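Colleague: Got a structure for you, protein-v1.txt, holding compact mmCIF, C-alpha atoms.
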# COMPACT_ATOMS: atom_id res chain seq x y z
CA MET L 1 62.09 5.80 13.24
CA THR L 2 60.74 3.08 15.51
CA GLY L 3 57.31 2.38 16.98
CA LYS L 4 54.01 1.87 15.23
CA THR L 5 54.57 4.42 12.49
CA GLY L 6 57.36 5.00 9.99
CA LEU L 7 60.03 2.58 8.88
CA GLN L 8 61.21 -0.28 11.10
CA PRO L 9 64.98 -1.06 10.99
CA SER L 10 64.26 -4.78 10.50
CA GLU L 11 62.36 -3.95 7.32
CA LEU L 12 65.44 -2.73 5.46
CA GLY L 13 66.70 -6.26 4.81
CA PHE L 14 63.18 -7.46 4.00
CA PHE L 15 62.62 -4.72 1.44
CA ALA L 16 66.07 -5.20 -0.15
CA ALA L 17 65.30 -8.92 -0.60
CA VAL L 18 61.87 -8.23 -2.10
CA ALA L 19 63.17 -5.51 -4.43
CA THR L 20 65.99 -7.74 -5.67
CA ALA L 21 63.72 -10.71 -6.43
CA ALA L 22 61.95 -11.02 -9.75
CA SER L 23 58.50 -11.26 -8.14
CA LEU L 24 56.77 -11.44 -4.75
CA SER L 25 56.56 -15.22 -5.04
CA ALA L 26 60.31 -15.42 -5.74
CA ALA L 27 60.93 -13.15 -2.74
CA GLY L 28 58.80 -15.46 -0.59
CA ARG L 29 60.87 -18.46 -1.66
CA ASP L 30 64.10 -16.58 -0.87
CA LEU L 31 62.78 -15.51 2.55
CA GLY L 32 61.13 -18.83 3.39
CA VAL L 33 57.62 -17.39 3.74
CA SER L 34 54.45 -17.39 1.67
CA THR L 35 53.71 -14.91 -1.10
CA ALA L 36 50.75 -13.69 0.94
CA ALA L 37 53.02 -12.97 3.91
CA VAL L 38 55.40 -10.95 1.72
CA SER L 39 52.50 -8.99 0.23
CA LYS L 40 50.99 -8.28 3.65
CA ARG L 41 54.26 -7.04 5.18
CA LEU L 42 54.96 -4.87 2.14
CA ALA L 43 51.47 -3.36 2.33
CA GLN L 44 51.99 -2.60 6.02
CA MET L 45 55.24 -0.78 5.22
CA GLU L 46 53.52 1.27 2.53
CA ALA L 47 50.63 2.14 4.85
CA ARG L 48 52.98 3.38 7.57
CA LEU L 49 55.14 5.37 5.14
CA GLY L 50 52.14 6.74 3.26
CA VAL L 51 53.57 6.04 -0.21
CA PRO L 52 53.54 3.05 -2.60
CA LEU L 53 56.89 1.30 -2.83
CA MET L 54 56.14 -1.26 -5.55
CA VAL L 55 53.70 -1.64 -8.43
CA ARG L 56 52.39 -5.22 -8.42
CA THR L 57 51.10 -7.19 -11.39
CA THR L 58 50.21 -10.87 -11.64
CA ARG L 59 53.66 -11.67 -13.02
CA ARG L 60 56.11 -9.23 -11.48
CA ALA L 61 56.60 -6.20 -9.27
CA SER L 62 58.49 -3.01 -10.10
CA LEU L 63 59.74 -0.24 -7.84
CA THR L 64 58.15 3.18 -7.62
CA PRO L 65 60.48 6.22 -7.37
CA GLU L 66 60.01 6.08 -3.59
CA GLY L 67 60.87 2.39 -3.65
CA GLU L 68 64.03 3.08 -5.66
CA LEU L 69 65.07 5.66 -3.07
CA LEU L 70 64.39 3.29 -0.19
CA LEU L 71 66.31 0.46 -1.86
CA GLU L 72 69.34 2.68 -2.48
CA HIS L 73 69.53 3.76 1.16
CA ALA L 74 68.64 0.32 2.53
CA ARG L 75 71.55 -1.28 0.67
CA ARG L 76 73.93 1.41 1.86
CA ILE L 77 72.81 1.16 5.48
CA LEU L 78 72.87 -2.65 5.52
CA GLY L 79 76.33 -2.65 3.95
CA GLU L 80 77.65 -0.18 6.52
CA ILE L 81 76.20 -2.20 9.40
CA GLU L 82 77.79 -5.39 8.11
CA ALA L 83 81.12 -3.65 7.53
CA LEU L 84 81.00 -2.28 11.07
CA GLN L 85 80.33 -5.76 12.48
CA HIS L 86 83.36 -7.10 10.68
CA LEU L 87 85.51 -4.18 11.77
CA ILE L 88 84.82 -4.86 15.44
CA GLY L 89 85.41 -8.59 14.98
CA ALA L 90 81.82 -9.81 15.31
CA ALA L 91 82.36 -12.33 12.51
CA GLY L 92 85.96 -13.18 13.38
CA GLY L 93 87.09 -11.90 9.98
CA ARG L 94 85.96 -15.09 8.24
CA PRO L 95 84.32 -14.58 4.83
CA SER L 96 80.60 -15.33 4.99
CA GLY L 97 77.29 -14.19 3.57
CA LEU L 98 76.10 -13.50 0.04
CA LEU L 99 78.61 -12.34 -2.57
CA ARG L 100 77.10 -10.93 -5.76
CA VAL L 101 79.47 -11.06 -8.74
CA ASN L 102 78.97 -9.70 -12.25
CA ALA L 103 81.05 -10.26 -15.38
CA THR L 104 80.62 -10.17 -19.14
CA LEU L 105 79.16 -13.22 -20.86
CA GLY L 106 82.11 -14.89 -22.56
CA PHE L 107 84.85 -13.79 -20.17
CA GLY L 108 82.74 -14.61 -17.12
CA ARG L 109 81.91 -18.07 -18.39
CA MET L 110 85.46 -18.88 -19.44
CA HIS L 111 87.59 -17.23 -16.75
CA VAL L 112 85.55 -16.00 -13.76
CA ALA L 113 83.29 -19.02 -13.15
CA PRO L 114 86.26 -21.42 -12.69
CA VAL L 115 87.80 -19.05 -10.12
CA ILE L 116 84.52 -18.99 -8.20
CA SER L 117 84.52 -22.80 -8.13
CA GLU L 118 87.93 -22.72 -6.44
CA TYR L 119 86.99 -19.88 -4.13
CA ILE L 120 83.95 -21.53 -2.54
CA LYS L 121 86.00 -24.67 -1.79
CA ARG L 122 88.29 -22.50 0.31
CA HIS L 123 85.47 -20.37 1.78
CA PRO L 124 82.36 -22.55 2.11
CA GLY L 125 80.66 -19.96 4.32
CA VAL L 126 80.17 -17.66 1.31
CA ASP L 127 77.21 -17.98 -1.06
CA VAL L 128 78.13 -16.69 -4.51
CA GLN L 129 75.65 -15.43 -7.10
CA LEU L 130 77.27 -14.97 -10.52
CA GLN L 131 75.37 -12.96 -13.12
CA LEU L 132 76.73 -12.64 -16.64
CA SER L 133 75.69 -9.64 -18.73
CA ALA L 134 76.17 -8.70 -22.37
CA ASP L 135 76.09 -5.05 -21.23
CA PRO L 136 77.58 -4.54 -17.75
CA PRO L 137 75.17 -2.74 -15.40
CA PRO L 138 76.06 0.77 -14.19
CA LEU L 139 78.29 0.63 -11.12
CA ALA L 140 76.18 3.28 -9.45
CA GLU L 141 73.26 0.83 -9.13
CA ASP L 142 75.13 -1.12 -6.42
CA ALA L 143 73.41 -4.35 -7.51
CA PHE L 144 76.67 -6.31 -7.20
CA ASP L 145 79.49 -6.56 -4.67
CA VAL L 146 82.26 -7.22 -7.22
CA CYS L 147 82.25 -6.68 -10.99
CA VAL L 148 84.97 -7.95 -13.32
CA ARG L 149 85.39 -5.32 -16.01
CA PHE L 150 87.59 -4.34 -18.92
CA GLY L 151 89.10 -0.94 -18.12
CA SER L 152 89.62 0.95 -14.87
CA PRO L 153 86.58 2.53 -13.17
CA PRO L 154 85.99 6.22 -13.88
CA GLU L 155 84.40 7.04 -10.52
CA ALA L 156 86.38 7.98 -7.39
CA ARG L 157 83.99 6.11 -5.09
CA ILE L 158 84.64 2.87 -7.02
CA VAL L 159 87.78 0.87 -6.25
CA GLY L 160 89.50 -0.86 -9.16
CA ARG L 161 91.95 -3.69 -8.46
CA PHE L 162 94.13 -4.48 -11.47
CA LEU L 163 93.94 -8.19 -12.35
CA ALA L 164 95.75 -8.62 -15.66
CA PRO L 165 96.86 -6.79 -18.79
CA ASN L 166 94.78 -7.24 -21.89
CA ARG L 167 94.67 -5.94 -25.45
CA ARG L 168 92.03 -5.88 -28.13
CA LEU L 169 93.29 -7.42 -31.35
CA LEU L 170 92.07 -7.45 -34.93
CA CYS L 171 92.01 -10.94 -36.39
CA ALA L 172 90.50 -13.15 -39.06
CA SER L 173 90.72 -16.75 -40.19
CA PRO L 174 93.31 -17.79 -42.81
CA ARG L 175 90.40 -18.83 -45.05
CA TYR L 176 88.93 -15.32 -45.00
CA LEU L 177 92.31 -13.71 -45.70
CA ARG L 178 92.98 -16.07 -48.62
CA ALA L 179 89.63 -15.18 -50.15
CA HIS L 180 89.66 -11.42 -49.52
CA GLY L 181 93.26 -10.44 -49.00
CA GLU L 182 94.90 -8.97 -45.91
CA PRO L 183 94.39 -5.29 -45.01
CA ARG L 184 97.64 -3.31 -44.98
CA THR L 185 96.33 -0.03 -43.58
CA PRO L 186 93.31 0.90 -41.47
CA ALA L 187 91.69 2.45 -44.57
CA ASP L 188 91.69 -1.02 -46.18
CA LEU L 189 89.15 -2.18 -43.58
CA ALA L 190 86.45 -0.25 -45.47
CA ARG L 191 86.42 -2.92 -48.18
CA HIS L 192 86.34 -5.83 -45.72
CA ASN L 193 83.47 -7.52 -43.92
CA CYS L 194 83.96 -6.47 -40.29
CA ILE L 195 81.94 -8.36 -37.70
CA GLY L 196 80.23 -5.94 -35.33
CA ILE L 197 79.83 -6.46 -31.58
CA ARG L 198 77.35 -4.22 -29.77
CA GLN L 199 78.41 -4.21 -26.12
CA GLY L 200 78.50 -1.63 -23.35
CA SER L 201 79.16 2.00 -24.23
CA ASP L 202 81.62 1.30 -27.06
CA ALA L 203 80.75 3.23 -30.21
CA TYR L 204 79.33 0.71 -32.64
CA GLY L 205 80.92 0.62 -36.10
CA VAL L 206 84.01 2.59 -35.05
CA TRP L 207 87.37 0.93 -34.44
CA ARG L 208 90.22 3.04 -33.03
CA LEU L 209 93.72 2.18 -34.23
CA ALA L 210 97.00 3.94 -33.48
CA GLN L 211 100.31 3.47 -35.23
CA ALA L 212 103.41 3.31 -33.04
CA GLY L 213 104.42 6.82 -32.02
CA ALA L 214 101.14 8.42 -33.05
CA ALA L 215 99.78 11.06 -30.70
CA ARG L 216 96.19 9.86 -30.94
CA PRO L 217 94.35 6.88 -32.39
CA GLN L 218 92.65 6.97 -35.77
CA ALA L 219 88.89 6.36 -35.81
CA VAL L 220 88.03 3.89 -38.56
CA HIS L 221 84.42 3.43 -39.62
CA VAL L 222 83.79 -0.20 -40.47
CA ARG L 223 80.82 -2.14 -41.75
CA GLY L 224 79.74 -5.71 -42.32
CA ASN L 225 76.72 -7.96 -42.67
CA LEU L 226 77.05 -9.65 -39.26
CA THR L 227 76.36 -8.06 -35.88
CA THR L 228 75.80 -9.53 -32.41
CA ASN L 229 75.92 -8.59 -28.73
CA ASP L 230 77.63 -11.91 -27.90
CA GLY L 231 81.40 -11.99 -28.29
CA GLU L 232 81.56 -15.78 -28.51
CA ILE L 233 79.20 -15.79 -31.47
CA ALA L 234 81.33 -13.13 -33.17
CA VAL L 235 84.44 -15.26 -32.65
CA SER L 236 82.67 -18.33 -34.08
CA TRP L 237 81.73 -16.35 -37.19
CA ALA L 238 85.34 -15.26 -37.61
CA LEU L 239 86.48 -18.87 -37.24
CA GLU L 240 84.09 -19.80 -40.05
CA GLY L 241 85.82 -17.30 -42.33
CA LEU L 242 83.00 -14.74 -42.39
CA GLY L 243 84.91 -11.58 -41.50
CA ILE L 244 87.37 -9.62 -39.35
CA ILE L 245 86.75 -9.06 -35.64
CA MET L 246 88.21 -6.88 -32.89
CA ARG L 247 88.28 -8.94 -29.72
CA ALA L 248 90.01 -9.06 -26.34
CA GLU L 249 93.19 -11.13 -26.39
CA TRP L 250 91.98 -13.30 -23.48
CA ASP L 251 89.07 -14.51 -25.62
CA ILE L 252 91.02 -15.43 -28.74
CA GLU L 253 94.55 -16.31 -27.62
CA ARG L 254 93.97 -20.06 -27.98
CA TYR L 255 92.85 -19.58 -31.59
CA LEU L 256 95.86 -17.38 -32.34
CA ARG L 257 98.19 -20.04 -30.89
CA SER L 258 96.56 -22.79 -32.97
CA GLY L 259 96.54 -20.71 -36.15
CA ARG L 260 92.77 -20.82 -36.56
CA LEU L 261 92.83 -17.02 -36.32
CA VAL L 262 95.56 -14.67 -37.56
CA GLN L 263 96.20 -11.16 -36.28
CA VAL L 264 95.77 -8.45 -38.89
CA LEU L 265 97.30 -4.97 -38.84
CA PRO L 266 99.61 -6.00 -35.97
CA GLN L 267 101.62 -2.78 -36.41
CA TYR L 268 98.62 -0.78 -35.20
CA ALA L 269 97.73 -0.62 -31.51
CA THR L 270 94.12 -1.10 -30.53
CA PRO L 271 92.56 0.20 -27.29
CA GLU L 272 93.80 -1.42 -24.10
CA ALA L 273 91.23 -3.41 -22.18
CA ASP L 274 93.06 -4.27 -18.95
CA ILE L 275 91.03 -6.41 -16.56
CA TYR L 276 89.92 -5.03 -13.19
CA ALA L 277 87.86 -6.17 -10.23
CA VAL L 278 85.74 -3.17 -9.25
CA TYR L 279 83.67 -2.56 -6.12
CA HIS L 280 82.34 0.27 -3.98
CA ARG L 281 84.70 1.69 -1.35
CA ARG L 282 82.20 0.98 1.40
CA HIS L 283 82.38 -2.75 0.57
CA GLN L 284 86.15 -3.07 0.71
CA MET L 285 86.23 -3.96 4.42
CA LEU L 286 83.81 -6.89 4.03
CA PRO L 287 85.83 -10.12 4.39
CA ARG L 288 83.97 -11.84 1.55
CA VAL L 289 84.68 -8.96 -0.85
CA ARG L 290 88.27 -8.51 0.24
CA SER L 291 89.04 -12.24 0.17
CA PHE L 292 87.38 -12.77 -3.23
CA VAL L 293 89.23 -9.87 -4.85
CA ASP L 294 92.52 -11.14 -3.36
CA PHE L 295 91.70 -14.60 -4.69
CA LEU L 296 90.94 -13.24 -8.17
CA THR L 297 94.21 -11.30 -8.17
CA GLU L 298 96.18 -14.37 -7.17
CA ARG L 299 94.57 -16.65 -9.75
CA PHE L 300 94.94 -14.23 -12.64
CA ALA L 301 98.58 -13.59 -11.74
CA ARG L 302 99.14 -17.35 -11.74
CA LEU L 303 98.02 -17.52 -15.38
CA GLY L 304 101.21 -15.68 -16.20
CA ARG L 305 99.77 -13.07 -18.52
Could you render the structure as structure tokens?
Modeller:
Amino acid sequence: MTGKTGLQPSELGFFAAVATAASLSAAGRDLGVSTAAVSKRLAQMEARLGVPLMVRTTRRASLTPEGELLLEHARRILGEIEALQHLIGAAGGRPSGLLRVNATLGFGRMHVAPVISEYIKRHPGVDVQLQLSADPPPLAEDAFDVCVRFGSPPEARIVGRFLAPNRRLLCASPRYLRAHGEPRTPADLARHNCIGIRQGSDAYGVWRLAQAGAARPQAVHVRGNLTTNDGEIAVSWALEGLGIIMRAEWDIERYLRSGRLVQVLPQYATPEADIYAVYHRRHQMLPRVRSFVDFLTERFARLGR
């Protein structure tokens, strides 16, 4: 609706920027205006719509249910407008604009951040925001343009581009194995100190192992006196000889090559954790999304895994 009442089309981008920022003052800095100006424009929107959109405190602002609904539709509408502009050649097909990328802490730091460094040298018109998370945010929130994830996406409206194969491996340091012996069967893990990693939706304290030819994996309940939500910390504990870990091969391959970690129960297969770039279908025509995913695919293929 246009005119003096209702929602103005120009306010969609404004509200999306304010809702994404940590506070009204942060939104003002992002938009290049004062905090008072942000607050005034937001109040005018609320007055015209007849509902509160945000709850303000001295430190931060949070969305009301109506604000959540507006943000969801604003992001969708803005994305569709931008995609349409690119489809009709308004931007000449050159990647530009803000690209929001999410990845897990250790993998993002070690493997995704260096790719972004290369990408922006080739595409200086793109501004990249990389956020690393211990627990990846739900894809339905649409807070990011591209997420690098372990495992293919379960939703039909989410596109998953395969980047590289990956396995989770059980391993420990030679020092730990000398002191405690090497497990020969999954049941042996019950008497070992198993380092726990609480991440995502994985069931904590349960490792799934399958022997070659088995119809289904065996669920093994493990325990130990060390737990963390940071995979790098878990790996460092294993390197110190404090227990057995299950970790993605990409994160520990250098330690396996050097002998600082040794694979245990290699005859048992652990869950696959292939690496994917995932994004909403409505974003796939945006040059910055398409070019970044292509770039990721190329770089991961070059690593030869």
Colleague: When you draw a straight line from CA of Asp188 (chain L) to CA of Val264 (chain L), how long is it in Å?
Modeller: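 Going from CA of Asp188 (chain L) over to CA of Val264 (chain L) covers 11.2 Å.
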Colleague: Quote the spacing between CA of Arg75 (chain L) and CA of Ala16 (chain L) in Å to one decimal place.
Modeller: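 If I compute the distance from CA of Arg75 (chain L) to CA of Ala16 (chain L), I get 6.8 Å.
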Colleague: One decimal, in Å: what's the spacing between CA of Glu298 (chain L) and CA of Cys147 (chain L)?
Modeller: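 Separation of CA of Glu298 (chain L) and CA of Cys147 (chain L): 16.4 Å.
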Colleague: Of the candidates L:Ala190, L:Gly231, L:Leu71, L:Leu49, which shows the shortest atom-to-atom distance to Arg109 (chain L), using all atoms listed in the file?
Modeller: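 Smallest separation from Arg109 (chain L) among the options: L:Gly231.
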Colleague: Skipping near chain neighbours, those fewer than 2 positions away, what residues fall within 12 Å of Ala17 (chain L) using all atoms listed in the file, listed as a short mmCIF file (atom, residue, chain, number, x, y, z; two decimals) with C-alpha atoms, keeping the file's coordinate frame?
Modeller:
data_model
loop_
_atom_site.label_atom_id
_atom_site.label_comp_id
_atom_site.auth_asym_id
_atom_site.auth_seq_id
_atom_site.Cartn_x
_atom_site.Cartn_y
_atom_site.Cartn_z
CA SER L 10 64.26 -4.78 10.50
CA GLU L 11 62.36 -3.95 7.32
CA LEU L 12 65.44 -2.73 5.46
CA GLY L 13 66.70 -6.26 4.81
CA PHE L 14 63.18 -7.46 4.00
CA PHE L 15 62.62 -4.72 1.44
CA ALA L 19 63.17 -5.51 -4.43
CA THR L 20 65.99 -7.74 -5.67
CA ALA L 21 63.72 -10.71 -6.43
CA ALA L 22 61.95 -11.02 -9.75
CA SER L 23 58.50 -11.26 -8.14
CA LEU L 24 56.77 -11.44 -4.75
CA SER L 25 56.56 -15.22 -5.04
CA ALA L 26 60.31 -15.42 -5.74
CA ALA L 27 60.93 -13.15 -2.74
CA GLY L 28 58.80 -15.46 -0.59
CA ARG L 29 60.87 -18.46 -1.66
CA ASP L 30 64.10 -16.58 -0.87
CA LEU L 31 62.78 -15.51 2.55
CA GLY L 32 61.13 -18.83 3.39
CA VAL L 38 55.40 -10.95 1.72
CA LEU L 42 54.96 -4.87 2.14
CA LEU L 71 66.31 0.46 -1.86
CA ALA L 74 68.64 0.32 2.53
CA ARG L 75 71.55 -1.28 0.67
CA LEU L 78 72.87 -2.65 5.52
CA LEU L 98 76.10 -13.50 0.04
CA ALA L 143 73.41 -4.35 -7.51
#
Colleague: Do a neighbour search on Leu261 (chain L) at 8 Å with only C-alpha atoms, toss out local chain neighbours closer than 3 positions, and write the hits as a list in words.
Modeller: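 In the requested form, the answer reads Cys171, Ala172, Ser173, Pro174, Ala238, Leu239, Ile252, Tyr255, Leu256 and Ser258 of chain L.
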Colleague: Which one is closest to Gln131 (chain L): L:Arg157, L:Val148, L:Gly6, L:Asn102? Count all atoms listed in the file.
Modeller: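 Counting all atoms listed in the file, the residue closest to Gln131 (chain L) is L:Asn102.
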Colleague: Name the closest residue to Arg167 (chain L) among the candidates L:Arg122, L:Arg247, L:Arg60, L:His111; distances are taken between atoms, counting only C-alpha atoms.
Modeller: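 The answer is L:Arg247, which sits nearest to Arg167 (chain L).
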Colleague: Residues at most 10 Å from Glu46 (chain L), counting only C-alpha atoms, excluding those fewer than 5 positions away in the same chain, as a PyMOL selection string?
Modeller: chain L and resi 6-7+40-41+51-54+67
Colleague: Write out as number ranges by chain the residues lying within 10 Å of Arg184 (chain L), counting only C-alpha atoms and excluding same-chain residues fewer than 5 positions away.
Modeller: L: 189, 264-267
Colleague: Looking at all atoms listed in the file, which of L:Tyr119, L:Val112, L:Leu105, L:Ala61 is the one that sits closest to Asp294 (chain L)?
Modeller: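 Answer, going by the shortest atom-to-atom distance: L:Tyr119.
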Colleague: Find the residues around Pro153 (chain L) up to 10 Å (only C-alpha atoms counted), leave out those fewer than 2 positions away in its own chain, and share them as a list in words.
Modeller: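 Skipping anything fewer than 2 positions along the chain leaves Leu139, Arg149, Phe150, Gly151, Glu155, Ala156, Arg157, Ile158, Val159, Gly160, Arg161, Tyr276, Ala277, Val278 and Tyr279 of chain L.
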Colleague: Would you please work out which residue, of L:Leu209, L:Gly196, L:Arg260, L:Asp251, is nearest to Phe107 (chain L) when using only C-alpha atoms?
Modeller: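 Result for the nearest residue to Phe107 (chain L): L:Asp251.
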Colleague: Kindly write region 253-285 of chain L with N, CA and C atoms to a file, as a short mmCIF file (atom, residue, chain, number, x, y, z; two decimals), in the first residue's frame.
Modeller:
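Saved as out17.cif:
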data_model
loop_
_atom_site.label_atom_id
_atom_site.label_comp_id
_atom_site.auth_asym_id
_atom_site.auth_seq_id
_atom_site.Cartn_x
_atom_site.Cartn_y
_atom_site.Cartn_z
N GLU L 253 42.89 -34.35 9.18
CA GLU L 253 43.74 -35.08 8.24
C GLU L 253 45.22 -34.76 8.42
N ARG L 254 45.54 -33.50 8.74
CA ARG L 254 46.96 -33.15 8.90
C ARG L 254 47.58 -33.85 10.10
N TYR L 255 46.78 -34.10 11.13
CA TYR L 255 47.30 -34.79 12.32
C TYR L 255 47.41 -36.29 12.06
N LEU L 256 46.52 -36.83 11.22
CA LEU L 256 46.64 -38.24 10.84
C LEU L 256 47.87 -38.46 9.98
N ARG L 257 48.14 -37.53 9.06
CA ARG L 257 49.33 -37.64 8.20
C ARG L 257 50.62 -37.58 9.02
N SER L 258 50.63 -36.70 10.02
CA SER L 258 51.85 -36.53 10.83
C SER L 258 52.02 -37.60 11.89
N GLY L 259 50.95 -38.36 12.15
CA GLY L 259 51.02 -39.39 13.19
C GLY L 259 50.67 -38.90 14.58
N ARG L 260 50.31 -37.64 14.71
CA ARG L 260 49.94 -37.12 16.03
C ARG L 260 48.60 -37.68 16.49
N LEU L 261 47.76 -38.08 15.53
CA LEU L 261 46.53 -38.80 15.82
C LEU L 261 46.53 -40.09 15.01
N VAL L 262 45.88 -41.12 15.55
CA VAL L 262 45.80 -42.43 14.90
C VAL L 262 44.33 -42.82 14.82
N GLN L 263 43.90 -43.29 13.66
CA GLN L 263 42.52 -43.73 13.53
C GLN L 263 42.29 -45.00 14.32
N VAL L 264 41.17 -45.07 15.01
CA VAL L 264 40.80 -46.28 15.74
C VAL L 264 39.53 -46.85 15.13
N LEU L 265 39.36 -48.16 15.29
CA LEU L 265 38.24 -48.88 14.69
C LEU L 265 38.07 -48.53 13.20
N PRO L 266 39.15 -48.59 12.42
CA PRO L 266 39.04 -48.20 11.00
C PRO L 266 38.15 -49.14 10.18
N GLN L 267 37.89 -50.34 10.70
CA GLN L 267 37.04 -51.28 9.98
C GLN L 267 35.56 -50.96 10.11
N TYR L 268 35.23 -49.95 10.93
CA TYR L 268 33.85 -49.54 11.11
C TYR L 268 33.63 -48.18 10.44
N ALA L 269 32.55 -48.10 9.67
CA ALA L 269 32.23 -46.84 8.98
C ALA L 269 31.44 -45.94 9.92
N THR L 270 31.81 -44.69 9.93
CA THR L 270 31.09 -43.68 10.70
C THR L 270 30.23 -42.85 9.74
N PRO L 271 29.28 -42.08 10.26
CA PRO L 271 28.37 -41.35 9.36
C PRO L 271 29.11 -40.43 8.39
N GLU L 272 28.64 -40.43 7.14
CA GLU L 272 29.22 -39.50 6.17
C GLU L 272 28.84 -38.07 6.53
N ALA L 273 29.72 -37.17 6.20
CA ALA L 273 29.47 -35.75 6.48
C ALA L 273 29.93 -34.93 5.28
N ASP L 274 29.44 -35.32 4.08
CA ASP L 274 29.84 -34.61 2.87
C ASP L 274 29.54 -33.12 2.99
N ILE L 275 30.34 -32.30 2.31
CA ILE L 275 30.27 -30.86 2.46
C ILE L 275 29.44 -30.26 1.33
N TYR L 276 28.50 -29.40 1.69
CA TYR L 276 27.60 -28.77 0.73
C TYR L 276 27.56 -27.26 0.95
N ALA L 277 27.35 -26.54 -0.15
CA ALA L 277 26.95 -25.14 -0.07
C ALA L 277 25.44 -25.13 -0.25
N VAL L 278 24.72 -24.55 0.70
CA VAL L 278 23.26 -24.58 0.64
C VAL L 278 22.71 -23.16 0.61
N TYR L 279 21.60 -22.97 -0.12
CA TYR L 279 21.00 -21.65 -0.27
C TYR L 279 19.57 -21.81 -0.76
N HIS L 280 18.75 -20.80 -0.53
CA HIS L 280 17.36 -20.85 -0.96
C HIS L 280 17.27 -20.79 -2.48
N ARG L 281 16.28 -21.47 -3.03
CA ARG L 281 16.10 -21.49 -4.48
C ARG L 281 15.91 -20.09 -5.05
N ARG L 282 15.24 -19.23 -4.30
CA ARG L 282 14.98 -17.89 -4.83
C ARG L 282 16.25 -17.04 -4.90
N HIS L 283 17.34 -17.50 -4.28
CA HIS L 283 18.60 -16.75 -4.34
C HIS L 283 19.52 -17.23 -5.46
N GLN L 284 19.18 -18.35 -6.10
CA GLN L 284 20.15 -18.97 -6.99
C GLN L 284 20.43 -18.16 -8.26
N MET L 285 19.54 -17.20 -8.60
CA MET L 285 19.78 -16.39 -9.79
C MET L 285 20.58 -15.13 -9.48
#
